[in-house]
>>> print(open('work_28.txt').read())   # compact mmCIF, C-alpha atoms and all ligand atoms
# COMPACT_ATOMS: atom_id res chain seq x y z
CA MET U 1 49.10 25.46 24.38
CA ARG U 2 50.15 22.77 21.92
CA ILE U 3 47.54 20.29 20.86
CA GLY U 4 48.08 17.15 18.82
CA LEU U 5 46.60 16.72 15.34
CA GLY U 6 44.07 14.16 16.61
CA ALA U 7 42.77 16.56 19.26
CA ALA U 8 42.65 19.40 16.74
CA LEU U 9 40.60 17.27 14.31
CA LEU U 10 38.30 16.20 17.12
CA MET U 11 37.76 19.81 18.13
CA ALA U 12 37.14 20.87 14.55
CA GLY U 13 34.59 18.04 14.39
CA LEU U 14 32.89 19.23 17.57
CA VAL U 15 32.72 22.80 16.32
CA ALA U 16 31.20 21.58 13.05
CA ALA U 17 28.70 19.40 14.94
CA ALA U 18 27.73 22.31 17.17
CA ALA U 19 27.25 24.53 14.11
CA THR U 20 24.96 21.92 12.51
CA ALA U 21 22.98 21.54 15.75
CA THR U 22 22.43 25.31 15.95
CA ALA U 23 21.38 25.41 12.30
CA GLN U 24 18.81 22.65 12.92
CA GLN U 25 17.54 24.20 16.11
CA ALA U 26 17.24 27.75 14.75
CA PRO U 27 13.49 28.31 15.17
CA ILE U 28 11.29 29.59 12.36
CA MET U 29 10.28 33.12 13.41
CA ILE U 30 6.81 34.50 12.74
CA LYS U 31 6.28 38.16 13.51
CA GLY U 32 9.22 38.07 15.94
CA GLU U 33 7.94 34.97 17.79
CA PRO U 34 9.52 31.51 17.43
CA TYR U 35 7.17 29.04 15.76
CA VAL U 36 6.30 25.90 17.74
CA TYR U 37 4.16 23.13 16.19
CA ASP U 38 0.68 23.06 17.71
CA LYS U 39 -1.09 19.84 16.83
CA ASP U 40 -4.41 20.88 18.43
CA ASN U 41 -4.47 23.94 16.21
CA ALA U 42 -3.58 21.76 13.18
CA GLN U 43 -6.60 19.56 13.91
CA ASP U 44 -8.78 22.64 14.32
CA VAL U 45 -7.64 23.98 10.94
CA MET U 46 -8.20 20.53 9.37
CA ARG U 47 -11.91 20.93 10.09
CA ILE U 48 -11.99 23.56 7.32
CA CYS U 49 -10.06 21.36 4.91
CA ALA U 50 -11.88 18.11 5.71
CA GLY U 51 -15.05 19.11 3.84
CA CYS U 52 -13.18 18.89 0.55
CA HIS U 53 -9.95 16.98 1.19
CA GLY U 54 -11.20 14.47 3.80
CA GLU U 55 -10.35 14.43 7.52
CA LEU U 56 -6.95 12.88 6.88
CA GLY U 57 -6.38 14.44 3.48
CA ASN U 58 -7.17 11.45 1.27
CA GLY U 59 -8.91 13.75 -1.21
CA GLY U 60 -11.82 12.65 -3.35
CA GLY U 61 -14.82 14.15 -5.08
CA GLY U 62 -13.99 11.99 -8.10
CA GLY U 63 -10.46 13.41 -7.95
CA ALA U 64 -11.49 17.09 -7.86
CA TYR U 65 -9.84 17.34 -4.43
CA PRO U 66 -6.25 16.13 -4.27
CA ARG U 67 -4.74 13.80 -1.73
CA LEU U 68 -2.74 15.88 0.77
CA GLY U 69 -2.00 13.25 3.46
CA GLY U 70 1.61 12.12 3.45
CA LEU U 71 2.82 14.81 1.01
CA ASN U 72 5.94 16.80 1.90
CA ALA U 73 5.20 19.59 4.43
CA ASP U 74 7.35 22.19 2.67
CA TYR U 75 5.68 21.46 -0.68
CA LEU U 76 2.20 21.76 0.85
CA ALA U 77 3.06 24.98 2.69
CA GLU U 78 4.52 26.50 -0.46
CA GLN U 79 1.35 25.71 -2.43
CA MET U 80 -0.78 27.26 0.35
CA ARG U 81 1.28 30.44 0.09
CA LYS U 82 0.82 30.41 -3.69
CA PHE U 83 -2.96 30.14 -3.24
CA LYS U 84 -2.87 33.03 -0.77
CA SER U 85 -0.87 35.25 -3.13
CA ARG U 86 -3.02 34.02 -6.09
CA GLU U 87 0.11 32.98 -7.94
CA ARG U 88 -1.67 29.62 -8.21
CA GLU U 89 -5.36 29.90 -8.97
CA ASN U 90 -7.73 27.82 -6.82
CA ILE U 91 -11.26 29.18 -6.95
CA PRO U 92 -12.89 26.77 -4.43
CA MET U 93 -10.19 27.64 -1.85
CA ILE U 94 -10.39 31.44 -2.20
CA PRO U 95 -12.56 31.92 0.92
CA PHE U 96 -10.07 29.95 3.04
CA ALA U 97 -6.74 30.95 1.54
CA VAL U 98 -6.62 34.40 3.11
CA ASP U 99 -4.68 35.56 6.18
CA ARG U 100 -7.83 36.13 8.21
CA GLU U 101 -8.84 32.47 7.87
CA LEU U 102 -5.40 30.96 7.64
CA SER U 103 -2.34 32.58 9.22
CA GLU U 104 1.24 31.49 8.47
CA ARG U 105 1.13 29.61 11.80
CA ASP U 106 -2.00 27.75 10.66
CA VAL U 107 -0.29 26.92 7.35
CA LEU U 108 2.78 25.48 9.13
CA ASP U 109 0.63 23.53 11.63
CA VAL U 110 -1.80 22.01 9.13
CA THR U 111 0.87 21.10 6.56
CA ARG U 112 3.03 19.42 9.24
CA PHE U 113 -0.02 17.49 10.46
CA LEU U 114 -0.89 16.39 6.91
CA SER U 115 2.67 15.37 6.09
CA GLU U 116 2.65 12.96 9.04
CA VAL U 117 -0.54 11.14 7.96
CA LYS U 118 0.02 7.66 6.60
CA LEU U 119 -2.67 6.65 4.12
CA GLU U 120 -3.52 3.14 2.92
CA THR U 121 -4.46 2.36 -0.66
CA LYS U 122 -6.75 -0.56 0.18
CA PRO U 123 -9.36 -1.15 2.87
CA PRO U 124 -8.32 -3.93 5.29
CA ALA U 125 -9.47 -7.46 4.42
CA ASN U 126 -11.64 -7.72 7.56
CA MET U 127 -13.82 -4.64 7.65
CA PRO U 128 -15.86 -4.25 10.86
CA ALA U 129 -19.62 -4.56 10.45
CA ASP U 130 -20.24 -1.37 12.44
CA GLY U 131 -20.87 1.63 10.16
CA TYR U 132 -19.05 4.18 12.31
CA ALA U 133 -15.96 1.98 12.65
CA ARG U 134 -15.94 1.47 8.86
CA LEU U 135 -16.13 5.22 8.33
CA GLN U 136 -13.12 5.77 10.62
CA ILE U 137 -11.10 3.23 8.62
CA MET U 138 -12.11 4.66 5.24
CA LYS U 139 -10.79 8.13 6.17
CA LYS U 140 -7.32 6.67 5.83
CA VAL U 141 -7.96 4.92 2.54
CA LEU U 142 -6.95 6.54 -0.71
CA GLN U 143 -8.69 4.82 -3.60
CA ILE U 144 -7.49 5.57 -7.11
CA PRO U 145 -9.42 3.90 -9.94
CA ARG U 146 -7.19 2.19 -12.53
CA GLU U 147 -6.90 4.01 -15.87
CA PRO U 148 -6.95 2.17 -19.21
CA GLY U 149 -3.77 2.12 -21.32
CA ASP U 150 -0.43 0.43 -21.81
CA VAL U 151 1.18 0.35 -18.35
CA GLU U 152 4.61 -0.76 -19.67
CA ALA U 153 4.77 2.04 -22.24
CA GLY U 154 3.69 4.48 -19.54
CA LYS U 155 6.43 3.20 -17.28
CA THR U 156 9.05 3.88 -19.99
CA PHE U 157 7.75 7.43 -20.52
CA TYR U 158 7.67 8.02 -16.77
CA ALA U 159 11.12 6.60 -16.04
CA ALA U 160 12.76 8.74 -18.72
CA ASP U 161 11.01 12.06 -18.19
CA CYS U 162 9.31 12.24 -14.79
CA GLY U 163 10.93 9.70 -12.46
CA PRO U 164 14.22 11.60 -12.08
CA CYS U 165 12.34 14.30 -10.13
CA HIS U 166 9.16 12.63 -8.87
CA GLY U 167 10.84 9.37 -7.79
CA ASN U 168 10.82 5.98 -9.52
CA LYS U 169 7.50 5.06 -7.88
CA GLY U 170 6.02 8.55 -7.93
CA GLN U 171 6.77 8.92 -4.21
CA GLY U 172 8.20 12.42 -4.64
CA ARG U 173 11.25 14.02 -3.10
CA LEU U 174 11.19 17.18 -0.99
CA LYS U 175 9.41 19.91 -2.94
CA LYS U 176 8.98 17.68 -5.98
CA PRO U 177 5.61 16.30 -4.96
CA ALA U 178 4.46 12.69 -4.86
CA ILE U 179 2.32 12.07 -7.95
CA ALA U 180 1.45 8.46 -7.05
CA PRO U 181 -0.78 7.49 -5.49
CA GLN U 182 -2.65 10.67 -6.36
CA HIS U 183 -6.10 11.13 -7.91
CA ILE U 184 -5.56 10.90 -11.66
CA SER U 185 -8.26 13.40 -12.62
CA TYR U 186 -6.54 15.94 -10.34
CA LEU U 187 -3.18 15.25 -12.03
CA LYS U 188 -4.74 15.67 -15.49
CA VAL U 189 -6.07 19.11 -14.51
CA GLN U 190 -2.58 20.09 -13.28
CA VAL U 191 -0.92 19.00 -16.52
CA ASP U 192 -3.47 21.09 -18.46
CA SER U 193 -2.58 24.05 -16.21
CA PHE U 194 1.12 23.54 -16.92
CA LEU U 195 0.55 23.24 -20.67
CA SER U 196 -1.61 26.38 -20.76
CA GLY U 197 0.90 28.30 -18.60
CA LYS U 198 -1.53 28.82 -15.68
CA ARG U 199 0.85 26.94 -13.38
CA LYS U 200 4.63 26.72 -13.71
CA HIS U 201 6.57 23.48 -14.28
CA ASP U 202 10.17 22.75 -15.33
CA ASP U 203 10.95 21.09 -18.68
CA LEU U 204 7.66 22.11 -20.21
CA GLU U 205 8.93 21.32 -23.72
CA VAL U 206 9.11 17.64 -22.78
CA MET U 207 5.46 17.68 -21.68
CA LYS U 208 4.39 19.59 -24.79
CA ALA U 209 5.98 16.98 -27.07
CA LYS U 210 3.89 14.09 -25.71
CA THR U 211 0.97 12.69 -27.71
CA PRO U 212 -2.48 11.95 -26.21
CA GLU U 213 -1.66 8.24 -26.51
CA GLU U 214 1.51 8.72 -24.45
CA TRP U 215 -0.39 10.61 -21.76
CA LYS U 216 -3.01 7.88 -21.62
CA ASN U 217 -0.27 5.30 -21.01
CA LEU U 218 1.31 7.50 -18.35
CA TRP U 219 -1.99 7.70 -16.43
CA ALA U 220 -2.38 3.93 -16.74
CA PHE U 221 1.11 3.49 -15.23
CA LEU U 222 0.64 6.05 -12.42
CA SER U 223 -2.71 4.55 -11.44
CA SER U 224 -1.03 1.14 -11.22
CA LEU U 225 1.36 2.35 -8.47
CA GLN U 226 -0.69 1.63 -5.40
CA ASP U 227 1.17 -0.34 -2.78
C1 LIG D 1 -14.10 24.13 -0.89
C2 LIG D 1 -13.19 23.02 -1.10
C3 LIG D 1 -11.80 23.12 -0.50
C4 LIG D 1 -11.47 23.40 0.81
C5 LIG D 1 -12.38 23.69 1.97
C6 LIG D 1 -10.01 23.28 0.86
N1 LIG D 1 -9.51 22.96 -0.38
FE1 LIG D 1 -7.56 22.64 -0.81
N2 LIG D 1 -8.04 22.33 -2.77
C7 LIG D 1 -9.31 22.35 -3.29
C8 LIG D 1 -9.24 22.12 -4.73
C9 LIG D 1 -10.41 22.07 -5.70
C10 LIG D 1 -7.87 21.93 -5.05
C11 LIG D 1 -7.26 21.64 -6.43
C12 LIG D 1 -7.03 22.91 -7.16
C13 LIG D 1 -6.42 22.68 -8.51
O1 LIG D 1 -7.01 21.95 -9.29
O2 LIG D 1 -5.33 23.19 -8.75
C14 LIG D 1 -7.14 22.07 -3.78
C15 LIG D 1 -5.76 21.97 -3.69
C16 LIG D 1 -5.05 22.06 -2.51
C17 LIG D 1 -3.61 21.92 -2.39
C18 LIG D 1 -2.63 21.64 -3.52
C19 LIG D 1 -2.20 20.19 -3.48
C20 LIG D 1 -1.09 19.86 -4.43
O3 LIG D 1 -0.78 18.65 -4.54
O4 LIG D 1 -0.51 20.75 -5.03
C21 LIG D 1 -3.30 22.09 -1.08
C22 LIG D 1 -1.93 22.05 -0.46
C23 LIG D 1 -4.55 22.31 -0.38
N3 LIG D 1 -5.59 22.29 -1.27
C24 LIG D 1 -4.64 22.48 0.99
C25 LIG D 1 -5.82 22.77 1.67
C26 LIG D 1 -5.88 23.01 3.11
C27 LIG D 1 -4.70 22.92 4.06
C28 LIG D 1 -7.19 23.31 3.40
C29 LIG D 1 -7.75 23.71 4.74
C30 LIG D 1 -7.21 24.91 5.33
C31 LIG D 1 -7.93 23.24 2.14
N4 LIG D 1 -7.07 22.91 1.13
C32 LIG D 1 -9.28 23.48 2.01
C33 LIG D 1 -10.47 22.56 -2.58
C34 LIG D 1 -10.56 22.85 -1.24
C1 LIG D 2 13.12 18.82 -13.12
C2 LIG D 2 12.26 18.16 -12.17
C3 LIG D 2 10.90 17.69 -12.66
C4 LIG D 2 10.62 16.85 -13.71
C5 LIG D 2 11.59 16.22 -14.70
C6 LIG D 2 9.19 16.64 -13.69
N1 LIG D 2 8.62 17.33 -12.65
FE1 LIG D 2 6.66 17.46 -12.23
N2 LIG D 2 7.02 18.78 -10.73
C7 LIG D 2 8.27 19.22 -10.37
C8 LIG D 2 8.13 20.23 -9.32
C9 LIG D 2 9.26 20.98 -8.63
C10 LIG D 2 6.73 20.38 -9.09
C11 LIG D 2 6.05 21.35 -8.13
C12 LIG D 2 5.76 22.63 -8.88
C13 LIG D 2 5.21 23.73 -7.97
O1 LIG D 2 5.90 24.06 -7.00
O2 LIG D 2 4.10 24.21 -8.21
C14 LIG D 2 6.07 19.44 -9.98
C15 LIG D 2 4.70 19.25 -10.03
C16 LIG D 2 4.07 18.32 -10.83
C17 LIG D 2 2.65 18.03 -10.80
C18 LIG D 2 1.63 18.67 -9.87
C19 LIG D 2 1.47 17.79 -8.64
C20 LIG D 2 0.50 18.33 -7.62
O3 LIG D 2 0.34 17.70 -6.56
O4 LIG D 2 -0.15 19.37 -7.87
C21 LIG D 2 2.40 17.10 -11.77
C22 LIG D 2 1.07 16.49 -12.14
C23 LIG D 2 3.67 16.79 -12.38
N3 LIG D 2 4.67 17.55 -11.80
C24 LIG D 2 3.82 15.88 -13.41
C25 LIG D 2 5.02 15.63 -14.03
C26 LIG D 2 5.15 14.72 -15.15
C27 LIG D 2 4.01 13.96 -15.80
C28 LIG D 2 6.47 14.70 -15.50
C29 LIG D 2 7.11 13.96 -16.64
C30 LIG D 2 6.68 14.36 -17.97
C31 LIG D 2 7.16 15.60 -14.59
N4 LIG D 2 6.26 16.13 -13.72
C32 LIG D 2 8.53 15.85 -14.60
C33 LIG D 2 9.47 18.81 -10.89
C34 LIG D 2 9.62 17.99 -12.00
>>> encode(input="work_28.txt", output="structure tokens", more="lines below")
Ligand code: HEC
Ligand code: HEC
Amino acid sequence: MRIGLGAALLMAGLVAAAATATAQQAPIMIKGEPYVYDKDNAQDVMRICAGCHGELGNGGGGGAYPRLGGLNADYLAEQMRKFKSRERENIPMIPFAVDRELSERDVLDVTRFLSEVKLETKPPANMPADGYARLQIMKKVLQIPREPGDVEAGKTFYAADCGPCHGNKGQGRLKKPAIAPQHISYLKVQVDSFLSGKRKHDDLEVMKAKTPEEWKNLWAFLSSLQD
């Protein structure tokens, strides 16, 4: 059979499209079973996490507990696996980050649920008078106190050395996590872990070369990114 060039190109296109569709549809397999997202299970698992991270993952405890809501699902899942293998140390989470409490299915469910949460950085202008209704609203609010320092200088530092990976507004990209809005005291602890080698980070030399004044300005800038 002779086919024209146009038809051949069209067919090649269809084959390519079919290949992409199969790649996207290929299910994640866990112990021989295809994984299917189970939102009810995600919400069940969240009951464990809520005590520290908040019901919708807005974090808190003066920044001891990071914001998880709205972060990339693959990043979150990878960190959970690092806690489970103890590659990343997290003492408060040790009782939960074990297979018995948290299977790979639980990890995929809860991280997908968290990644779909949309948090606000300010309470709405008209808060209801009712205490319970206010509480429901505040679960979605991520409040980051402003840090003192030179925001413009921090912006220059950030744009040159951090923005290329973490996004110009700290919004993150895939497994390079969002670092704004994020609790600043949590971020400071992470930078200390990178500098001391407890946790791994690319381009460590750049971080090591920064002065305390420069860090202060960076925190001032990051805490200013809250819309
Ligand atoms: C007892 C308190 C506690 C509980 C319960 C808890 N966490 Fe955490 N979690 C922490 C602390 C503290 C950190 C920050 C550790 C550090 O400083 O590196 C953390 C960090 C994380 C991080 C890393 C975030 C990042 O940006 O890298 C993820 C992901 C996480 N927790 C997920 C969960 C999930 C999911 C649950 C529920 C299954 C959970 N945590 C339950 C205390 C807790
Ligand atoms: C080459 C890309 C790259 C650059 C440049 C970069 N980062 Fe990162 N950063 C990452 C990746 C990837 C991770 C996640 C590491 C992991 O998987 O544990 C990360 C994680 C972090 C975290 C931990 C976030 C969390 O939720 O736990 C902080 C804080 C951070 N980076 C700060 C910075 C700062 C400040 C700069 C600028 C000096 C910077 N990064 C530059 C790629 C980068």
>>> residues_near_ligand(input="work_28.txt", ligand="ligand LIG 2 (chain D)", cutoff="9 Å", atoms="all atoms listed in the file", output="VMD selection string")
chain U and resid 66 to 68 71 75 to 76 78 to 79 82 88 157 to 166 172 174 to 179 182 184 186 to 191 194 199 to 204 206 to 208 210 215 218 to 219
>>> closest_atom_pairs(input="work_28.txt", of="chain U", to="ligand LIG 1 (chain D)", cutoff="7 Å", atoms="only C-alpha atoms and all ligand atoms", output="tab-separated table")
residue	atom	partner	partner_atom	distance
U:Val45	CA	D:LIG1	C30	5.7
U:Met46	CA	D:LIG1	C29	5.6
U:Ile48	CA	D:LIG1	C29	5.0
U:Cys49	CA	D:LIG1	C29	3.3
U:Ala50	CA	D:LIG1	C5	6.7
U:Gly51	CA	D:LIG1	C5	5.6
U:Cys52	CA	D:LIG1	C2	4.4
U:His53	CA	D:LIG1	N1	6.2
U:Ala64	CA	D:LIG1	C9	5.5
U:Tyr65	CA	D:LIG1	C8	4.8
U:Pro66	CA	D:LIG1	C19	5.8
U:Arg67	CA	D:LIG1	O3	6.9
U:Leu68	CA	D:LIG1	C19	6.1
U:Leu76	CA	D:LIG1	C22	4.3
U:Ala77	CA	D:LIG1	C22	6.6
U:Gln79	CA	D:LIG1	C22	5.3
U:Met80	CA	D:LIG1	C22	5.4
U:Glu89	CA	D:LIG1	O2	6.7
U:Asn90	CA	D:LIG1	C12	5.0
U:Pro92	CA	D:LIG1	C1	4.6
U:Met93	CA	D:LIG1	C34	4.8
U:Phe96	CA	D:LIG1	C30	6.2
U:Leu102	CA	D:LIG1	C30	6.7
U:Val107	CA	D:LIG1	C27	6.8
U:Val110	CA	D:LIG1	C27	5.9
U:Thr111	CA	D:LIG1	C27	6.4
U:Pro177	CA	D:LIG1	O3	6.8
U:Tyr186	CA	D:LIG1	O1	6.1
U:Val189	CA	D:LIG1	O1	6.0
U:Gln190	CA	D:LIG1	O2	6.1
>>> closest_residue(input="work_28.txt", among="U:Lys139, U:Gly167, U:Asp44, U:Met127", to="Glu101 in chain U", atoms="all atoms listed in the file")
U:Asp44
>>> atom_distance(input="work_28.txt", atom1="CA of Gly61 in chain U", atom2="CA of Leu114 in chain U")
18.5 Å
>>> residues_around(input="work_28.txt", residues="Glu104 in chain U", least_positions_apart="5", cutoff="10 Å", atoms="all atoms listed in the file", output="list in words")
Ile30, Lys31, Tyr35, Ala77, Met80, Arg81, Val98, Asp99, Asp109 and Val110 of chain U
>>> closest_residue(input="work_28.txt", among="U:Gly60, U:Asn72, U:Phe113, U:Ala97", to="Lys39 in chain U", atoms="only C-alpha atoms")
U:Phe113
>>> closest_residue(input="work_28.txt", among="U:Gln136, U:Pro145, U:Ser85, U:Thr121", to="Glu55 in chain U", atoms="all atoms listed in the file")
U:Gln136
>>> residues_around(input="work_28.txt", residues="Ala220 in chain U", least_positions_apart="2", cutoff="7 Å", atoms="only C-alpha atoms", output="PDB file with C-alpha atoms, in the coordinates of the input")
ATOM      1  CA  ARG U 146      -7.190   2.190 -12.530  1.00  0.00           C
ATOM      2  CA  GLU U 147      -6.900   4.010 -15.870  1.00  0.00           C
ATOM      3  CA  PRO U 148      -6.950   2.170 -19.210  1.00  0.00           C
ATOM      4  CA  GLY U 149      -3.770   2.120 -21.320  1.00  0.00           C
ATOM      5  CA  ASP U 150      -0.430   0.430 -21.810  1.00  0.00           C
ATOM      6  CA  VAL U 151       1.180   0.350 -18.350  1.00  0.00           C
ATOM      7  CA  GLY U 154       3.690   4.480 -19.540  1.00  0.00           C
ATOM      8  CA  LYS U 216      -3.010   7.880 -21.620  1.00  0.00           C
ATOM      9  CA  ASN U 217      -0.270   5.300 -21.010  1.00  0.00           C
ATOM     10  CA  LEU U 218       1.310   7.500 -18.350  1.00  0.00           C
ATOM     11  CA  LEU U 222       0.640   6.050 -12.420  1.00  0.00           C
ATOM     12  CA  SER U 223      -2.710   4.550 -11.440  1.00  0.00           C
ATOM     13  CA  SER U 224      -1.030   1.140 -11.220  1.00  0.00           C
TER      14      SER U 224
END
>>> atom_distance(input="work_28.txt", atom1="CA of Leu108 in chain U", atom2="CA of Lys140 in chain U")
21.6 Å
>>> closest_residue(input="work_28.txt", among="U:Thr211, U:Asn58, U:Ser185, U:Thr156", to="Leu142 in chain U", atoms="all atoms listed in the file")
U:Asn58
>>> atom_distance(input="work_28.txt", atom1="CA of Ala42 in chain U", atom2="CA of Gly63 in chain U")
23.7 Å
>>> build_atoms(input="work_28.txt", residues="range 130-139 of chain U", atoms="all heavy atoms", output="PDB file, in the frame of the given file")
ATOM      1  N   ASP U 130     -19.704  -2.627  11.924  1.00  0.00           N
ATOM      2  CA  ASP U 130     -20.240  -1.370  12.440  1.00  0.00           C
ATOM      3  C   ASP U 130     -19.951  -0.198  11.495  1.00  0.00           C
ATOM      4  O   ASP U 130     -18.809   0.032  11.102  1.00  0.00           O
ATOM      5  CB  ASP U 130     -19.618  -1.137  13.823  1.00  0.00           C
ATOM      6  CG  ASP U 130     -19.955   0.239  14.355  1.00  0.00           C
ATOM      7  OD1 ASP U 130     -21.155   0.537  14.409  1.00  0.00           O
ATOM      8  OD2 ASP U 130     -19.029   1.016  14.657  1.00  0.00           O
ATOM      9  N   GLY U 131     -20.993   0.539  11.133  1.00  0.00           N
ATOM     10  CA  GLY U 131     -20.870   1.630  10.160  1.00  0.00           C
ATOM     11  C   GLY U 131     -19.890   2.706  10.570  1.00  0.00           C
ATOM     12  O   GLY U 131     -19.081   3.165   9.766  1.00  0.00           O
ATOM     13  N   TYR U 132     -19.924   3.101  11.836  1.00  0.00           N
ATOM     14  CA  TYR U 132     -19.050   4.180  12.310  1.00  0.00           C
ATOM     15  C   TYR U 132     -17.590   3.741  12.245  1.00  0.00           C
ATOM     16  O   TYR U 132     -16.728   4.479  11.782  1.00  0.00           O
ATOM     17  CB  TYR U 132     -19.428   4.592  13.737  1.00  0.00           C
ATOM     18  CG  TYR U 132     -18.560   5.718  14.256  1.00  0.00           C
ATOM     19  CD1 TYR U 132     -18.746   7.019  13.779  1.00  0.00           C
ATOM     20  CD2 TYR U 132     -17.550   5.491  15.183  1.00  0.00           C
ATOM     21  CE1 TYR U 132     -17.940   8.064  14.222  1.00  0.00           C
ATOM     22  CE2 TYR U 132     -16.743   6.527  15.633  1.00  0.00           C
ATOM     23  CZ  TYR U 132     -16.940   7.808  15.159  1.00  0.00           C
ATOM     24  OH  TYR U 132     -16.142   8.832  15.596  1.00  0.00           O
ATOM     25  N   ALA U 133     -17.334   2.510  12.679  1.00  0.00           N
ATOM     26  CA  ALA U 133     -15.960   1.980  12.650  1.00  0.00           C
ATOM     27  C   ALA U 133     -15.455   1.913  11.209  1.00  0.00           C
ATOM     28  O   ALA U 133     -14.301   2.232  10.927  1.00  0.00           O
ATOM     29  CB  ALA U 133     -15.918   0.603  13.303  1.00  0.00           C
ATOM     30  N   ARG U 134     -16.333   1.535  10.281  1.00  0.00           N
ATOM     31  CA  ARG U 134     -15.940   1.470   8.860  1.00  0.00           C
ATOM     32  C   ARG U 134     -15.573   2.850   8.351  1.00  0.00           C
ATOM     33  O   ARG U 134     -14.581   3.025   7.642  1.00  0.00           O
ATOM     34  CB  ARG U 134     -17.093   0.935   8.004  1.00  0.00           C
ATOM     35  CG  ARG U 134     -17.431  -0.501   8.259  1.00  0.00           C
ATOM     36  CD  ARG U 134     -18.744  -0.847   7.590  1.00  0.00           C
ATOM     37  NE  ARG U 134     -18.567  -1.075   6.170  1.00  0.00           N
ATOM     38  CZ  ARG U 134     -18.455  -2.294   5.644  1.00  0.00           C
ATOM     39  NH1 ARG U 134     -18.492  -3.359   6.420  1.00  0.00           N
ATOM     40  NH2 ARG U 134     -18.303  -2.444   4.353  1.00  0.00           N
ATOM     41  N   LEU U 135     -16.360   3.832   8.756  1.00  0.00           N
ATOM     42  CA  LEU U 135     -16.130   5.220   8.330  1.00  0.00           C
ATOM     43  C   LEU U 135     -14.753   5.699   8.797  1.00  0.00           C
ATOM     44  O   LEU U 135     -14.010   6.329   8.046  1.00  0.00           O
ATOM     45  CB  LEU U 135     -17.223   6.097   8.924  1.00  0.00           C
ATOM     46  CG  LEU U 135     -17.579   7.368   8.160  1.00  0.00           C
ATOM     47  CD1 LEU U 135     -18.171   7.023   6.806  1.00  0.00           C
ATOM     48  CD2 LEU U 135     -18.585   8.199   8.965  1.00  0.00           C
ATOM     49  N   GLN U 136     -14.421   5.356  10.054  1.00  0.00           N
ATOM     50  CA  GLN U 136     -13.120   5.770  10.620  1.00  0.00           C
ATOM     51  C   GLN U 136     -11.983   5.169   9.803  1.00  0.00           C
ATOM     52  O   GLN U 136     -10.991   5.829   9.545  1.00  0.00           O
ATOM     53  CB  GLN U 136     -12.991   5.333  12.089  1.00  0.00           C
ATOM     54  CG  GLN U 136     -13.934   6.030  13.045  1.00  0.00           C
ATOM     55  CD  GLN U 136     -13.915   7.548  12.914  1.00  0.00           C
ATOM     56  OE1 GLN U 136     -14.814   8.157  12.355  1.00  0.00           O
ATOM     57  NE2 GLN U 136     -12.855   8.166  13.405  1.00  0.00           N
ATOM     58  N   ILE U 137     -12.147   3.908   9.396  1.00  0.00           N
ATOM     59  CA  ILE U 137     -11.100   3.230   8.620  1.00  0.00           C
ATOM     60  C   ILE U 137     -10.975   3.868   7.236  1.00  0.00           C
ATOM     61  O   ILE U 137      -9.871   4.144   6.755  1.00  0.00           O
ATOM     62  CB  ILE U 137     -11.391   1.717   8.528  1.00  0.00           C
ATOM     63  CG1 ILE U 137     -11.193   1.073   9.906  1.00  0.00           C
ATOM     64  CG2 ILE U 137     -10.503   1.046   7.479  1.00  0.00           C
ATOM     65  CD1 ILE U 137     -11.591  -0.365   9.984  1.00  0.00           C
ATOM     66  N   MET U 138     -12.125   4.156   6.622  1.00  0.00           N
ATOM     67  CA  MET U 138     -12.110   4.660   5.240  1.00  0.00           C
ATOM     68  C   MET U 138     -11.491   6.058   5.110  1.00  0.00           C
ATOM     69  O   MET U 138     -11.052   6.433   4.031  1.00  0.00           O
ATOM     70  CB  MET U 138     -13.507   4.622   4.623  1.00  0.00           C
ATOM     71  CG  MET U 138     -14.016   3.222   4.346  1.00  0.00           C
ATOM     72  SD  MET U 138     -12.804   2.126   3.540  1.00  0.00           S
ATOM     73  CE  MET U 138     -12.816   2.798   1.863  1.00  0.00           C
ATOM     74  N   LYS U 139     -11.425   6.806   6.224  1.00  0.00           N
ATOM     75  CA  LYS U 139     -10.790   8.130   6.170  1.00  0.00           C
ATOM     76  C   LYS U 139      -9.320   8.030   5.795  1.00  0.00           C
ATOM     77  O   LYS U 139      -8.723   8.991   5.333  1.00  0.00           O
ATOM     78  CB  LYS U 139     -10.850   8.788   7.560  1.00  0.00           C
ATOM     79  CG  LYS U 139     -12.182   9.355   7.891  1.00  0.00           C
ATOM     80  CD  LYS U 139     -12.135   9.916   9.293  1.00  0.00           C
ATOM     81  CE  LYS U 139     -13.538  10.252   9.747  1.00  0.00           C
ATOM     82  NZ  LYS U 139     -13.596  10.434  11.199  1.00  0.00           N
TER      83      LYS U 139
END
